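Structure file model-v8.cif; described as mmCIF, C-alpha atoms and all ligand atoms.
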```cif
data_coords
loop_
_atom_site.label_atom_id
_atom_site.label_comp_id
_atom_site.auth_asym_id
_atom_site.auth_seq_id
_atom_site.Cartn_x
_atom_site.Cartn_y
_atom_site.Cartn_z
CA MET F 616 101.83 86.09 23.54
CA ALA F 617 101.60 86.38 19.78
CA GLU F 618 105.16 85.14 19.23
CA SER F 619 106.12 81.54 19.82
CA SER F 620 108.55 81.36 22.68
CA ALA F 621 110.09 78.07 21.57
CA PHE F 622 113.82 78.31 20.94
CA GLY F 623 115.18 78.03 17.41
CA ARG F 624 113.24 80.31 15.09
CA PHE F 625 114.76 83.69 15.78
CA PHE F 626 117.66 84.19 13.36
CA LEU F 627 118.38 87.91 13.65
CA PRO F 628 122.09 88.66 13.63
CA GLY F 629 121.62 90.19 17.06
CA PRO F 630 119.91 90.03 19.34
CA THR F 631 119.82 86.32 18.63
CA ASP F 632 117.72 83.59 20.17
CA VAL F 633 118.27 82.86 23.86
CA ARG F 634 117.65 79.43 25.34
CA PRO F 635 114.93 79.19 27.99
CA GLU F 636 117.46 77.83 30.50
CA ILE F 637 119.49 81.01 30.09
CA LEU F 638 116.45 83.24 30.41
CA SER F 639 115.44 81.53 33.63
CA ALA F 640 118.98 81.65 35.01
CA GLN F 641 118.43 85.40 35.40
CA VAL F 642 116.03 84.78 38.24
CA GLY F 643 117.97 85.17 41.46
CA PRO F 644 118.22 87.50 44.40
CA MET F 645 119.74 90.95 44.08
CA LEU F 646 123.27 91.27 45.41
CA GLY F 647 125.02 94.41 46.55
CA HIS F 648 127.80 95.18 44.16
CA ARG F 649 130.45 95.17 46.87
CA ALA F 650 128.99 92.08 48.53
CA ARG F 651 131.12 88.97 48.93
CA ALA F 652 128.53 86.90 46.99
CA MET F 653 128.84 89.24 43.99
CA GLU F 654 132.64 88.99 44.07
CA GLU F 655 132.38 85.22 44.23
CA LEU F 656 129.99 85.18 41.28
CA ILE F 657 132.24 87.34 39.10
CA GLY F 658 135.30 85.46 40.32
CA SER F 659 133.72 82.16 39.32
CA ILE F 660 133.08 83.44 35.77
CA GLN F 661 136.49 84.99 35.08
CA PRO F 662 138.57 81.85 34.38
CA GLY F 663 135.95 80.58 31.90
CA LEU F 664 135.74 83.96 30.19
CA GLN F 665 139.53 84.09 29.90
CA ARG F 666 139.56 80.66 28.26
CA ILE F 667 136.77 81.71 25.89
CA PHE F 668 138.62 84.91 24.94
CA ARG F 669 141.96 83.04 24.78
CA THR F 670 143.64 85.54 27.06
CA SER F 671 145.53 85.71 30.31
CA ARG F 672 144.26 89.26 30.82
CA PRO F 673 141.08 89.85 32.85
CA VAL F 674 137.83 90.19 30.91
CA TYR F 675 135.99 93.40 31.75
CA ILE F 676 132.23 93.13 32.14
CA ALA F 677 130.20 96.29 31.51
CA ALA F 678 126.50 97.04 31.83
CA SER F 679 125.99 98.57 28.39
CA SER F 680 125.50 97.59 24.80
CA ALA F 681 128.65 96.85 22.81
CA THR F 682 128.87 100.35 21.36
CA GLY F 683 129.70 101.64 24.84
CA LEU F 684 132.91 99.65 24.91
CA MET F 685 133.71 100.58 21.28
CA GLU F 686 133.67 104.16 22.52
CA ALA F 687 135.76 103.14 25.54
CA ALA F 688 138.34 101.50 23.26
CA VAL F 689 138.71 104.73 21.32
CA ARG F 690 138.72 107.05 24.34
CA ASN F 691 141.27 105.01 26.30
CA GLY F 692 143.34 103.60 23.48
CA VAL F 693 143.85 106.33 20.86
CA ARG F 694 146.35 109.08 21.62
CA ARG F 695 145.57 111.47 18.82
CA ARG F 696 145.00 110.05 15.36
CA VAL F 697 143.25 106.90 14.23
CA LEU F 698 142.77 105.08 10.96
CA ALA F 699 139.34 103.43 10.74
CA LEU F 700 139.16 100.44 8.39
CA THR F 701 135.64 100.64 7.02
CA ASN F 702 133.63 98.12 5.02
CA GLY F 703 130.08 98.47 6.35
CA ALA F 704 127.88 100.11 8.95
CA PHE F 705 129.59 99.01 12.17
CA SER F 706 133.11 99.84 11.05
CA GLU F 707 131.78 103.25 9.98
CA ARG F 708 130.42 103.61 13.52
CA PHE F 709 133.97 103.22 14.89
CA HIS F 710 135.02 106.14 12.69
CA ARG F 711 132.08 108.24 13.87
CA ILE F 712 132.95 107.49 17.49
CA ALA F 713 136.51 108.69 16.94
CA LEU F 714 135.29 111.98 15.45
CA ALA F 715 132.65 112.37 18.18
CA THR F 716 135.32 112.05 20.87
CA GLY F 717 137.42 114.81 19.35
CA LEU F 718 140.13 112.71 17.73
CA GLU F 719 141.61 113.01 14.30
CA ALA F 720 140.29 110.15 12.24
CA ASP F 721 140.65 109.01 8.64
CA VAL F 722 139.06 106.07 6.86
CA LEU F 723 140.46 103.40 4.65
CA ASP F 724 137.25 102.33 2.95
CA VAL F 725 136.87 99.23 0.80
CA GLY F 726 133.10 99.54 0.36
CA TRP F 727 130.21 97.48 1.74
CA GLY F 728 131.04 93.86 1.04
CA GLY F 729 134.77 94.60 0.68
CA VAL F 730 137.53 92.99 2.75
CA HIS F 731 140.53 94.62 4.44
CA THR F 732 143.74 92.96 3.35
CA PRO F 733 147.13 93.44 5.03
CA ASP F 734 148.90 94.88 1.97
CA ARG F 735 146.53 97.85 1.63
CA VAL F 736 146.55 98.53 5.35
CA GLU F 737 150.35 98.42 5.41
CA GLU F 738 150.42 100.94 2.58
CA ALA F 739 147.87 103.21 4.29
CA LEU F 740 149.98 103.30 7.46
CA ARG F 741 153.32 103.92 5.75
CA GLY F 742 154.75 107.36 6.47
CA LYS F 743 151.65 108.43 8.42
CA ASP F 744 151.39 109.30 12.10
CA TYR F 745 148.44 107.15 13.10
CA ASP F 746 148.75 105.71 16.58
CA ALA F 747 145.74 103.37 16.35
CA VAL F 748 143.67 101.42 13.84
CA THR F 749 140.05 100.31 14.30
CA VAL F 750 138.61 97.26 12.58
CA VAL F 751 135.46 95.15 12.79
CA HIS F 752 136.12 91.40 12.69
CA CYS F 753 132.71 90.32 11.38
CA GLU F 754 130.94 93.21 9.62
CA THR F 755 127.36 92.29 10.54
CA SER F 756 125.95 94.58 7.85
CA THR F 757 127.62 92.56 5.07
CA GLY F 758 128.68 89.18 6.45
CA VAL F 759 132.36 89.83 5.69
CA LEU F 760 135.01 88.47 8.08
CA ASN F 761 138.19 90.56 8.06
CA PRO F 762 141.49 88.69 8.55
CA ILE F 763 142.32 90.35 11.87
CA ALA F 764 145.33 88.15 12.70
CA GLU F 765 147.10 89.29 9.54
CA LEU F 766 145.96 92.88 10.02
CA ALA F 767 147.37 92.89 13.56
CA GLU F 768 150.77 91.90 12.17
CA VAL F 769 151.04 94.80 9.73
CA VAL F 770 149.62 97.26 12.25
CA HIS F 771 152.24 96.33 14.84
CA ALA F 772 155.01 96.33 12.25
CA ALA F 773 154.14 100.00 11.61
CA GLY F 774 155.55 101.02 15.01
CA ASP F 775 153.75 102.29 18.08
CA VAL F 776 150.30 101.59 16.61
CA VAL F 777 147.56 99.63 18.36
CA LEU F 778 144.68 97.64 16.88
CA LEU F 779 141.21 98.09 18.38
CA VAL F 780 138.94 95.24 17.34
CA ASP F 781 135.16 94.94 17.37
CA THR F 782 134.36 91.22 17.65
CA VAL F 783 130.73 91.88 18.55
CA SER F 784 129.24 89.39 16.09
CA SER F 785 132.13 86.91 15.97
CA GLN F 786 133.28 86.28 19.55
CA THR F 787 132.55 82.62 20.47
CA GLY F 788 131.36 81.95 16.89
CA ALA F 789 134.69 82.31 15.09
CA PRO F 790 138.27 81.89 16.33
CA VAL F 791 139.53 85.05 18.05
CA GLU F 792 142.93 84.40 19.61
CA VAL F 793 143.16 87.61 21.60
CA ASP F 794 146.65 87.14 23.07
CA ALA F 795 148.25 85.02 20.35
CA TRP F 796 147.20 87.44 17.62
CA GLY F 797 148.30 90.46 19.67
CA LEU F 798 144.92 92.18 19.63
CA ASP F 799 145.31 95.30 21.78
CA VAL F 800 141.64 95.85 22.58
CA VAL F 801 138.82 93.43 21.81
CA VAL F 802 135.21 94.39 22.54
CA THR F 803 132.04 92.38 22.22
CA GLY F 804 128.45 92.23 23.43
CA SER F 805 126.20 89.64 25.04
CA GLN F 806 123.41 89.44 22.46
CA LYS F 807 125.20 87.96 19.44
CA CYS F 808 127.18 84.70 19.49
CA PHE F 809 127.15 84.60 23.29
CA ALA F 810 123.38 84.02 22.95
CA LEU F 811 122.59 86.02 26.07
CA PRO F 812 120.02 88.76 26.42
CA PRO F 813 121.28 92.22 25.39
CA GLY F 814 122.79 94.49 28.02
CA LEU F 815 126.29 93.26 28.79
CA ALA F 816 129.49 94.16 26.99
CA PHE F 817 132.95 92.64 27.39
CA ALA F 818 136.46 93.90 26.71
CA VAL F 819 139.97 92.55 26.87
CA VAL F 820 142.54 95.33 27.12
CA GLN F 821 146.29 94.73 26.90
CA GLU F 822 148.70 96.45 29.30
CA GLU F 823 150.01 99.07 26.86
CA ILE F 824 146.47 100.39 26.44
CA LEU F 825 146.34 101.08 30.18
CA GLU F 826 149.53 103.13 29.83
CA ARG F 827 147.89 105.10 27.06
CA ALA F 828 144.78 105.59 29.20
CA GLU F 829 146.89 107.02 32.03
CA SER F 830 148.16 109.72 29.72
CA LYS F 831 144.61 110.72 28.68
CA PRO F 832 142.94 112.66 31.51
CA ASP F 833 139.90 113.29 29.27
CA ARG F 834 139.19 109.58 28.72
CA GLY F 835 135.84 109.88 30.49
CA LEU F 836 134.49 108.29 33.63
CA TYR F 837 131.89 105.58 32.95
CA PHE F 838 134.18 103.68 30.60
CA ASP F 839 137.53 104.41 32.23
CA PHE F 840 139.59 101.26 31.58
CA LEU F 841 141.81 102.01 34.59
CA GLU F 842 138.74 101.79 36.83
CA TYR F 843 137.67 98.55 35.14
CA GLU F 844 141.15 97.13 35.64
CA LYS F 845 141.35 98.13 39.29
CA ASN F 846 137.89 96.70 40.01
CA ILE F 847 138.11 93.44 38.10
CA ARG F 848 141.27 92.64 40.09
CA LYS F 849 138.88 92.45 43.08
CA ASN F 850 136.18 90.68 41.01
CA GLN F 851 134.16 93.88 41.05
CA THR F 852 132.82 96.37 38.53
CA PRO F 853 133.28 100.17 38.81
CA THR F 854 129.51 100.80 38.98
CA THR F 855 126.44 98.66 39.69
CA PRO F 856 126.64 95.44 37.68
CA ALA F 857 123.60 94.07 35.80
CA VAL F 858 123.11 91.37 38.43
CA SER F 859 120.42 89.37 36.61
CA LEU F 860 122.39 89.30 33.36
CA ILE F 861 125.47 88.17 35.24
CA TYR F 862 123.53 85.17 36.58
CA ALA F 863 122.69 84.33 32.95
CA LEU F 864 126.32 84.88 31.94
CA ALA F 865 127.52 82.45 34.61
CA GLU F 866 125.20 79.78 33.23
CA GLN F 867 126.19 80.47 29.61
CA VAL F 868 129.93 80.39 30.36
CA ARG F 869 129.38 76.94 31.89
CA ARG F 870 127.50 75.83 28.79
CA ILE F 871 130.03 77.24 26.34
CA GLU F 872 132.79 75.45 28.23
CA ALA F 873 130.80 72.23 28.26
CA GLU F 874 130.38 72.43 24.48
CA GLY F 875 134.03 73.43 24.09
CA ILE F 876 134.94 76.70 22.39
CA GLU F 877 136.49 74.89 19.43
CA SER F 878 133.35 72.78 18.94
CA ARG F 879 131.35 75.97 19.13
CA TRP F 880 133.44 77.49 16.33
CA ALA F 881 132.98 74.28 14.30
CA ARG F 882 129.22 74.34 14.80
CA HIS F 883 129.08 77.92 13.50
CA ARG F 884 131.27 77.00 10.55
CA ALA F 885 128.99 74.05 9.71
CA MET F 886 125.88 76.26 9.83
CA ALA F 887 127.51 78.85 7.56
CA GLU F 888 128.67 76.22 5.07
CA ARG F 889 125.16 74.82 4.95
CA VAL F 890 123.76 78.25 4.06
CA TRP F 891 126.40 78.79 1.36
CA ALA F 892 125.68 75.35 -0.17
CA TRP F 893 121.94 76.02 -0.03
CA VAL F 894 122.38 79.31 -1.92
CA ASP F 895 124.36 77.45 -4.60
CA GLU F 896 121.70 74.73 -4.84
CA LEU F 897 118.93 77.24 -5.32
CA ARG F 898 120.92 79.21 -7.84
CA ASP F 899 121.44 76.00 -9.83
CA ARG F 900 117.65 75.64 -9.82
CA GLY F 901 117.25 79.13 -11.25
CA VAL F 902 116.50 81.12 -8.08
CA GLY F 903 118.56 84.29 -8.29
CA LEU F 904 120.28 84.31 -4.89
CA SER F 905 123.87 85.30 -4.21
CA ILE F 906 126.08 85.90 -1.18
CA LEU F 907 127.52 89.37 -0.76
CA ALA F 908 130.80 88.42 0.97
CA PRO F 909 133.55 87.04 -1.26
CA GLU F 910 134.62 83.42 -0.81
CA GLY F 911 137.38 83.00 1.74
CA TYR F 912 136.13 85.99 3.75
CA ARG F 913 132.64 84.86 4.68
CA SER F 914 131.66 85.00 8.30
CA PRO F 915 130.68 81.77 10.04
CA THR F 916 128.10 83.73 12.06
CA VAL F 917 126.02 85.79 9.62
CA THR F 918 125.28 85.55 5.90
CA CYS F 919 124.02 88.47 3.83
CA ILE F 920 122.13 87.24 0.76
CA ASP F 921 121.06 89.21 -2.31
CA VAL F 922 117.37 88.43 -2.92
CA PRO F 923 115.96 87.46 -6.36
CA ASP F 924 114.20 89.92 -8.67
CA GLY F 925 110.62 90.43 -7.58
CA TRP F 926 111.55 90.31 -3.89
CA THR F 927 112.81 92.86 -1.39
CA GLY F 928 114.61 92.04 1.85
CA PRO F 929 111.69 93.16 4.06
CA ALA F 930 109.14 91.30 1.87
CA LEU F 931 111.10 88.04 2.02
CA ALA F 932 111.64 88.38 5.77
CA ALA F 933 107.90 88.96 6.23
CA ALA F 934 107.00 85.95 4.04
CA VAL F 935 109.27 83.63 6.02
CA LYS F 936 107.76 84.87 9.25
CA GLU F 937 104.25 84.32 8.00
CA ARG F 938 104.91 80.90 6.49
CA GLY F 939 106.95 79.32 9.27
CA GLY F 940 107.24 81.71 12.19
CA TYR F 941 110.94 82.28 11.49
CA THR F 942 112.63 85.64 11.95
CA VAL F 943 115.44 86.77 9.65
CA ALA F 944 116.68 90.32 9.13
CA PRO F 945 116.37 92.43 6.02
CA GLY F 946 119.57 94.00 4.73
CA TYR F 947 121.19 96.63 6.94
CA GLY F 948 120.87 100.33 6.15
CA LYS F 949 121.35 101.03 2.47
CA LEU F 950 121.19 97.28 1.68
CA ARG F 951 117.81 96.91 3.36
CA ASP F 952 115.78 96.35 0.21
CA ARG F 953 118.31 94.24 -1.68
CA MET F 954 119.25 91.68 0.96
CA ILE F 955 118.28 89.43 3.81
CA ARG F 956 120.62 88.48 6.63
CA ILE F 957 120.57 85.18 8.47
CA GLY F 958 122.21 85.19 11.88
CA HIS F 959 123.31 81.55 12.25
CA MET F 960 124.92 82.37 15.53
CA GLY F 961 124.87 81.70 19.23
CA ASP F 962 123.07 78.55 20.30
CA HIS F 963 121.41 77.81 16.95
CA THR F 964 121.87 74.31 15.54
CA LEU F 965 122.26 72.85 12.08
CA GLU F 966 118.91 71.12 12.59
CA GLY F 967 117.13 74.35 13.45
CA LEU F 968 118.76 76.06 10.49
CA GLU F 969 117.46 73.34 8.15
CA GLY F 970 113.95 74.24 9.26
CA LEU F 971 114.50 77.89 8.33
CA LEU F 972 116.07 77.03 4.95
CA ALA F 973 113.16 74.71 4.11
CA VAL F 974 110.69 77.53 4.72
CA LEU F 975 112.80 80.03 2.76
CA GLU F 976 112.94 77.54 -0.10
CA GLU F 977 109.15 77.02 -0.07
CA VAL F 978 108.59 80.74 -0.16
CA LEU F 979 111.09 81.33 -2.97
CA THR F 980 110.01 78.43 -5.21
CA ARG F 981 106.24 78.32 -4.80
C1 LIG W 1001 125.62 94.54 16.92
C2 LIG W 1001 126.93 95.12 16.59
C3 LIG W 1001 127.42 96.30 17.20
C4 LIG W 1001 126.60 97.14 18.12
O1 LIG W 1001 126.29 96.51 19.25
P1 LIG W 1001 125.29 97.18 20.33
O2 LIG W 1001 125.28 96.11 21.37
O3 LIG W 1001 123.99 97.40 19.65
O4 LIG W 1001 125.91 98.44 20.79
C5 LIG W 1001 128.68 96.72 16.89
N1 LIG W 1001 129.46 96.06 16.02
C6 LIG W 1001 129.02 94.95 15.40
C7 LIG W 1001 129.91 94.26 14.43
C8 LIG W 1001 127.75 94.44 15.66
O5 LIG W 1001 127.33 93.34 15.05
#
```
Represent the structure contained in this file as structure tokens.
Ligand SMILES: *Cc1c(COP(=O)(O)O)cnc(C)c1O
Amino acid sequence: MAESSAFGRFFLPGPTDVRPEILSAQVGPMLGHRARAMEELIGSIQPGLQRIFRTSRPVYIAASSATGLMEAAVRNGVRRRVLALTNGAFSERFHRIALATGLEADVLDVGWGGVHTPDRVEEALRGKDYDAVTVVHCETSTGVLNPIAELAEVVHAAGDVVLLVDTVSSQTGAPVEVDAWGLDVVVTGSQKCFALPPGLAFAVVQEEILERAESKPDRGLYFDFLEYEKNIRKNQTPTTPAVSLIYALAEQVRRIEAEGIESRWARHRAMAERVWAWVDELRDRGVGLSILAPEGYRSPTVTCIDVPDGWTGPALAAAVKERGGYTVAPGYGKLRDRMIRIGHMGDHTLEGLEGLLAVLEEVLTR
């Protein structure tokens, strides 16, 4: 293989690096999806998942990428008209999903790098007949972390309005108190902070969303939340589960619990703070770097950095790869040339991150 398979050099903000122990945990016999052994496996994972998601509701497990459950959230949870809070590529995707599923959808856009604050959302909801709001917790295209706890408060104060939250690149890397914050739907994927291979998606769905789903006969079949609910009660999935990935999930849930979810959040926070301090240090030395997300709203899981004059995002990413075998992402979409993104998420460590920053520094100051 051309690529080194050692853990710790692959810093894409999804898919992120997966530990060899997790990769090998996938190796196990196939199980029928109504077999007792499969039920026992899913049943053994549920309590840990509920603690990780901070919820007393079941955690749905789907064989799909995260976008599948974003679509499910919209199809099951929106009655008629949704307000999409946009500030980057993934929040714009939520809006596109709403339109593609035949709903009425407006945006409240604060621009790439902007943050959604409760006052503006409150104002946007006032006197309007939205029944749902979509938001992305960590906008992976910009590194901004929206204050979803505060947003949930103003959304619920607006009446019979639900908040559908994409926590794809924040879940397990930043605090997400699903029940305590009153998040009506939370969806995430396996390949970001969970540090699993891609292919699984998870959702927590509060009871009132199931009532909404009942009143929507055109909510679709593959991602029907009522089917997920009925099946997870029996530790089953509506259709064939991704058996191998669920073996890996079982191992990773054990590991996340052994680390402790709060320690995991702290480790992410420490990695992010190290990147922010490093950017400041280099700027003090005359290297023109800056962080896109405003202070106070920076994600602990991904940092989007403006590259100095003379560099482009893809050129810097390529140089870091060549010099040290590290993988970082260029900017996303329209920011591709201007930025790089470091995904300090999942099972990465401060030590491993230091190695990447040292190589970045060599490349930028040589
Ligand atoms: C990666 C990502 C997605 C899309 O996830 P897929 O698994 O590729 O469908 C959605 N939202 C955010 C915030 C992401 O980071």
Figure out the distance between CA of Leu718 in chain F and CA of Leu760 in chain F, please, to one decimal in Å.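 Going from CA of Leu760 in chain F over to CA of Leu718 in chain F covers 26.6 Å.
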Figure out the distance between CA of Thr803 in chain F and CA of Phe817 in chain F, please, to one decimal in Å.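 These atoms are spaced 5.3 Å apart.
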Computed gap from CA of Ser756 in chain F to CA of Val697 in chain F is 22.2 Å
Show me which residues line ligand LIG 1001 (chain W), defined as having an atom within 9 Å of a ligand atom where all atoms listed in the file count, and present them as an mmCIF file with C-alpha atoms, keeping the file's coordinate frame.
```
data_model
loop_
_atom_site.group_PDB
_atom_site.id
_atom_site.type_symbol
_atom_site.label_atom_id
_atom_site.label_comp_id
_atom_site.auth_asym_id
_atom_site.auth_seq_id
_atom_site.Cartn_x
_atom_site.Cartn_y
_atom_site.Cartn_z
ATOM 1 C CA PRO F 628 122.090 88.660 13.630
ATOM 2 C CA GLY F 629 121.620 90.190 17.060
ATOM 3 C CA PRO F 630 119.910 90.030 19.340
ATOM 4 C CA SER F 679 125.990 98.570 28.390
ATOM 5 C CA SER F 680 125.500 97.590 24.800
ATOM 6 C CA ALA F 681 128.650 96.850 22.810
ATOM 7 C CA THR F 682 128.870 100.350 21.360
ATOM 8 C CA GLY F 683 129.700 101.640 24.840
ATOM 9 C CA LEU F 684 132.910 99.650 24.910
ATOM 10 C CA MET F 685 133.710 100.580 21.280
ATOM 11 C CA ALA F 704 127.880 100.110 8.950
ATOM 12 C CA PHE F 705 129.590 99.010 12.170
ATOM 13 C CA SER F 706 133.110 99.840 11.050
ATOM 14 C CA ARG F 708 130.420 103.610 13.520
ATOM 15 C CA PHE F 709 133.970 103.220 14.890
ATOM 16 C CA VAL F 751 135.460 95.150 12.790
ATOM 17 C CA HIS F 752 136.120 91.400 12.690
ATOM 18 C CA CYS F 753 132.710 90.320 11.380
ATOM 19 C CA GLU F 754 130.940 93.210 9.620
ATOM 20 C CA THR F 755 127.360 92.290 10.540
ATOM 21 C CA SER F 756 125.950 94.580 7.850
ATOM 22 C CA ASP F 781 135.160 94.940 17.370
ATOM 23 C CA THR F 782 134.360 91.220 17.650
ATOM 24 C CA VAL F 783 130.730 91.880 18.550
ATOM 25 C CA SER F 784 129.240 89.390 16.090
ATOM 26 C CA SER F 785 132.130 86.910 15.970
ATOM 27 C CA VAL F 802 135.210 94.390 22.540
ATOM 28 C CA THR F 803 132.040 92.380 22.220
ATOM 29 C CA GLY F 804 128.450 92.230 23.430
ATOM 30 C CA SER F 805 126.200 89.640 25.040
ATOM 31 C CA GLN F 806 123.410 89.440 22.460
ATOM 32 C CA LYS F 807 125.200 87.960 19.440
ATOM 33 C CA PRO F 813 121.280 92.220 25.390
ATOM 34 C CA GLY F 814 122.790 94.490 28.020
ATOM 35 C CA LEU F 815 126.290 93.260 28.790
ATOM 36 C CA ALA F 816 129.490 94.160 26.990
#
```
Would you give the centre and edge lengths, in Å to one decimal, of a box along x, y and z around the listed atoms of range 933-938 of chain F, with 8 Å added to each side, as JSON?
```
{"center_x": 106.8, "center_y": 84.9, "center_z": 6.6, "size_x": 21.0, "size_y": 24.1, "size_z": 21.2}
```
Counting only C-alpha atoms, find the residues whose atoms lie at most 10 Å from (109.0, 81.9, 11.1) (file coordinates) and write them out as a PDB file with C-alpha atoms, keeping the file's coordinate frame.
```pdb
ATOM      1  CA  GLU F 618     105.160  85.140  19.230  1.00  0.00           C
ATOM      2  CA  SER F 619     106.120  81.540  19.820  1.00  0.00           C
ATOM      3  CA  GLY F 623     115.180  78.030  17.410  1.00  0.00           C
ATOM      4  CA  ARG F 624     113.240  80.310  15.090  1.00  0.00           C
ATOM      5  CA  PHE F 625     114.760  83.690  15.780  1.00  0.00           C
ATOM      6  CA  PHE F 626     117.660  84.190  13.360  1.00  0.00           C
ATOM      7  CA  ALA F 932     111.640  88.380   5.770  1.00  0.00           C
ATOM      8  CA  ALA F 933     107.900  88.960   6.230  1.00  0.00           C
ATOM      9  CA  ALA F 934     107.000  85.950   4.040  1.00  0.00           C
ATOM     10  CA  VAL F 935     109.270  83.630   6.020  1.00  0.00           C
ATOM     11  CA  LYS F 936     107.760  84.870   9.250  1.00  0.00           C
ATOM     12  CA  GLU F 937     104.250  84.320   8.000  1.00  0.00           C
ATOM     13  CA  ARG F 938     104.910  80.900   6.490  1.00  0.00           C
ATOM     14  CA  GLY F 939     106.950  79.320   9.270  1.00  0.00           C
ATOM     15  CA  GLY F 940     107.240  81.710  12.190  1.00  0.00           C
ATOM     16  CA  TYR F 941     110.940  82.280  11.490  1.00  0.00           C
ATOM     17  CA  THR F 942     112.630  85.640  11.950  1.00  0.00           C
ATOM     18  CA  VAL F 943     115.440  86.770   9.650  1.00  0.00           C
ATOM     19  CA  GLY F 970     113.950  74.240   9.260  1.00  0.00           C
ATOM     20  CA  LEU F 971     114.500  77.890   8.330  1.00  0.00           C
ATOM     21  CA  VAL F 974     110.690  77.530   4.720  1.00  0.00           C
ATOM     22  CA  LEU F 975     112.800  80.030   2.760  1.00  0.00           C
TER      23      LEU F 975
END
```
Non-local contacts of Arg834 in chain F (10 Å; all atoms listed in the file; under 3 positions in same chain excluded) as a list in words: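 The contact residues come out as Glu686, Ala687, Ala688, Val689, Arg690, Asn691, Gly692, Val693, Thr716, Arg827, Ala828, Glu829, Ser830, Lys831, Tyr837, Phe838, Asp839, Phe840 and Leu841 of chain F.
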Given the choices F:Arg666, F:Lys845, F:Arg956, F:His771, which gets closest to Val791 in chain F if the distance is worked out from only C-alpha atoms?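 For Val791 in chain F, the nearest of the given residues is F:Arg666.
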Pull the neighbourhood of (116.9, 81.2, 25.2) for me: all residues within 9 Å in file coordinates, counting all atoms listed in the file, as an MDAnalysis selection string. chainID F and resid 620:623 631:639 810:812 962
I'd like the contact shell of Pro762 in chain F - 9 Å cut-off, only C-alpha atoms, skipping same-chain residues fewer than 3 positions apart - returned as an MDAnalysis selection string. chainID F and resid 730:733 752 765:767 912
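Counting only C-alpha atoms, the residue from F:Pro856, F:Pro923, F:Gly703, F:Gly948 that sits nearest to Ala908 in chain F is F:Gly703.
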Determine, counting only C-alpha atoms, which protein, DNA and RNA residues have an atom within 9 Å of an atom of Ala764 in chain F; residues of the same chain fewer than 5 positions away are not included. Present the result as an NGL selection string. :F and (791-792 or 795-798)
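You can rank F:Leu740, F:Leu778, F:Val868, F:Ile712 by their closest distance to Glu823 in chain F using all atoms listed in the file, and at the top of that list sits F:Leu778.
Each of F:Gly946, F:Gly729, F:Gly928, F:Gly901 was compared to Leu700 in chain F using all atoms listed in the file, and F:Gly729 turns out to be the nearest.
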For Asn850 in chain F, list every protein, DNA or RNA residue within 6 Å, evaluated using all atoms listed in the file, and leave out those in the same chain fewer than 5 positions away; present the list as a PyMOL selection string. chain F and resi 654+657-658
For the structure just given, write the atoms of range 928-936 of chain F, namely N, CA, C and O atoms, as an mmCIF file, in the first residue's frame.
```cif
data_model
loop_
_atom_site.group_PDB
_atom_site.id
_atom_site.type_symbol
_atom_site.label_atom_id
_atom_site.label_comp_id
_atom_site.auth_asym_id
_atom_site.auth_seq_id
_atom_site.Cartn_x
_atom_site.Cartn_y
_atom_site.Cartn_z
ATOM 1 N N GLY F 928 -5.278 26.376 -0.515
ATOM 2 C CA GLY F 928 -5.626 25.250 0.356
ATOM 3 C C GLY F 928 -5.109 23.927 -0.187
ATOM 4 O O GLY F 928 -4.401 23.183 0.514
ATOM 5 N N PRO F 929 -5.421 23.600 -1.462
ATOM 6 C CA PRO F 929 -4.944 22.321 -2.008
ATOM 7 C C PRO F 929 -3.414 22.233 -2.032
ATOM 8 O O PRO F 929 -2.855 21.160 -1.764
ATOM 9 N N ALA F 930 -2.711 23.343 -2.317
ATOM 10 C CA ALA F 930 -1.241 23.299 -2.374
ATOM 11 C C ALA F 930 -0.664 23.038 -0.989
ATOM 12 O O ALA F 930 0.280 22.248 -0.827
ATOM 13 N N LEU F 931 -1.228 23.665 0.035
ATOM 14 C CA LEU F 931 -0.722 23.463 1.397
ATOM 15 C C LEU F 931 -1.020 22.031 1.858
ATOM 16 O O LEU F 931 -0.154 21.371 2.460
ATOM 17 N N ALA F 932 -2.222 21.561 1.556
ATOM 18 C CA ALA F 932 -2.561 20.176 1.929
ATOM 19 C C ALA F 932 -1.600 19.194 1.256
ATOM 20 O O ALA F 932 -1.120 18.243 1.889
ATOM 21 N N ALA F 933 -1.278 19.447 -0.014
ATOM 22 C CA ALA F 933 -0.371 18.551 -0.739
ATOM 23 C C ALA F 933 1.041 18.607 -0.154
ATOM 24 O O ALA F 933 1.720 17.582 -0.024
ATOM 25 N N ALA F 934 1.484 19.809 0.241
ATOM 26 C CA ALA F 934 2.837 19.960 0.798
ATOM 27 C C ALA F 934 2.974 19.221 2.133
ATOM 28 O O ALA F 934 4.007 18.609 2.423
ATOM 29 N N VAL F 935 1.944 19.268 2.933
ATOM 30 C CA VAL F 935 1.955 18.611 4.245
ATOM 31 C C VAL F 935 1.955 17.094 4.081
ATOM 32 O O VAL F 935 2.627 16.361 4.819
ATOM 33 N N LYS F 936 1.256 16.652 3.071
ATOM 34 C CA LYS F 936 1.220 15.226 2.763
ATOM 35 C C LYS F 936 2.601 14.755 2.335
ATOM 36 O O LYS F 936 3.129 13.750 2.815
#
```
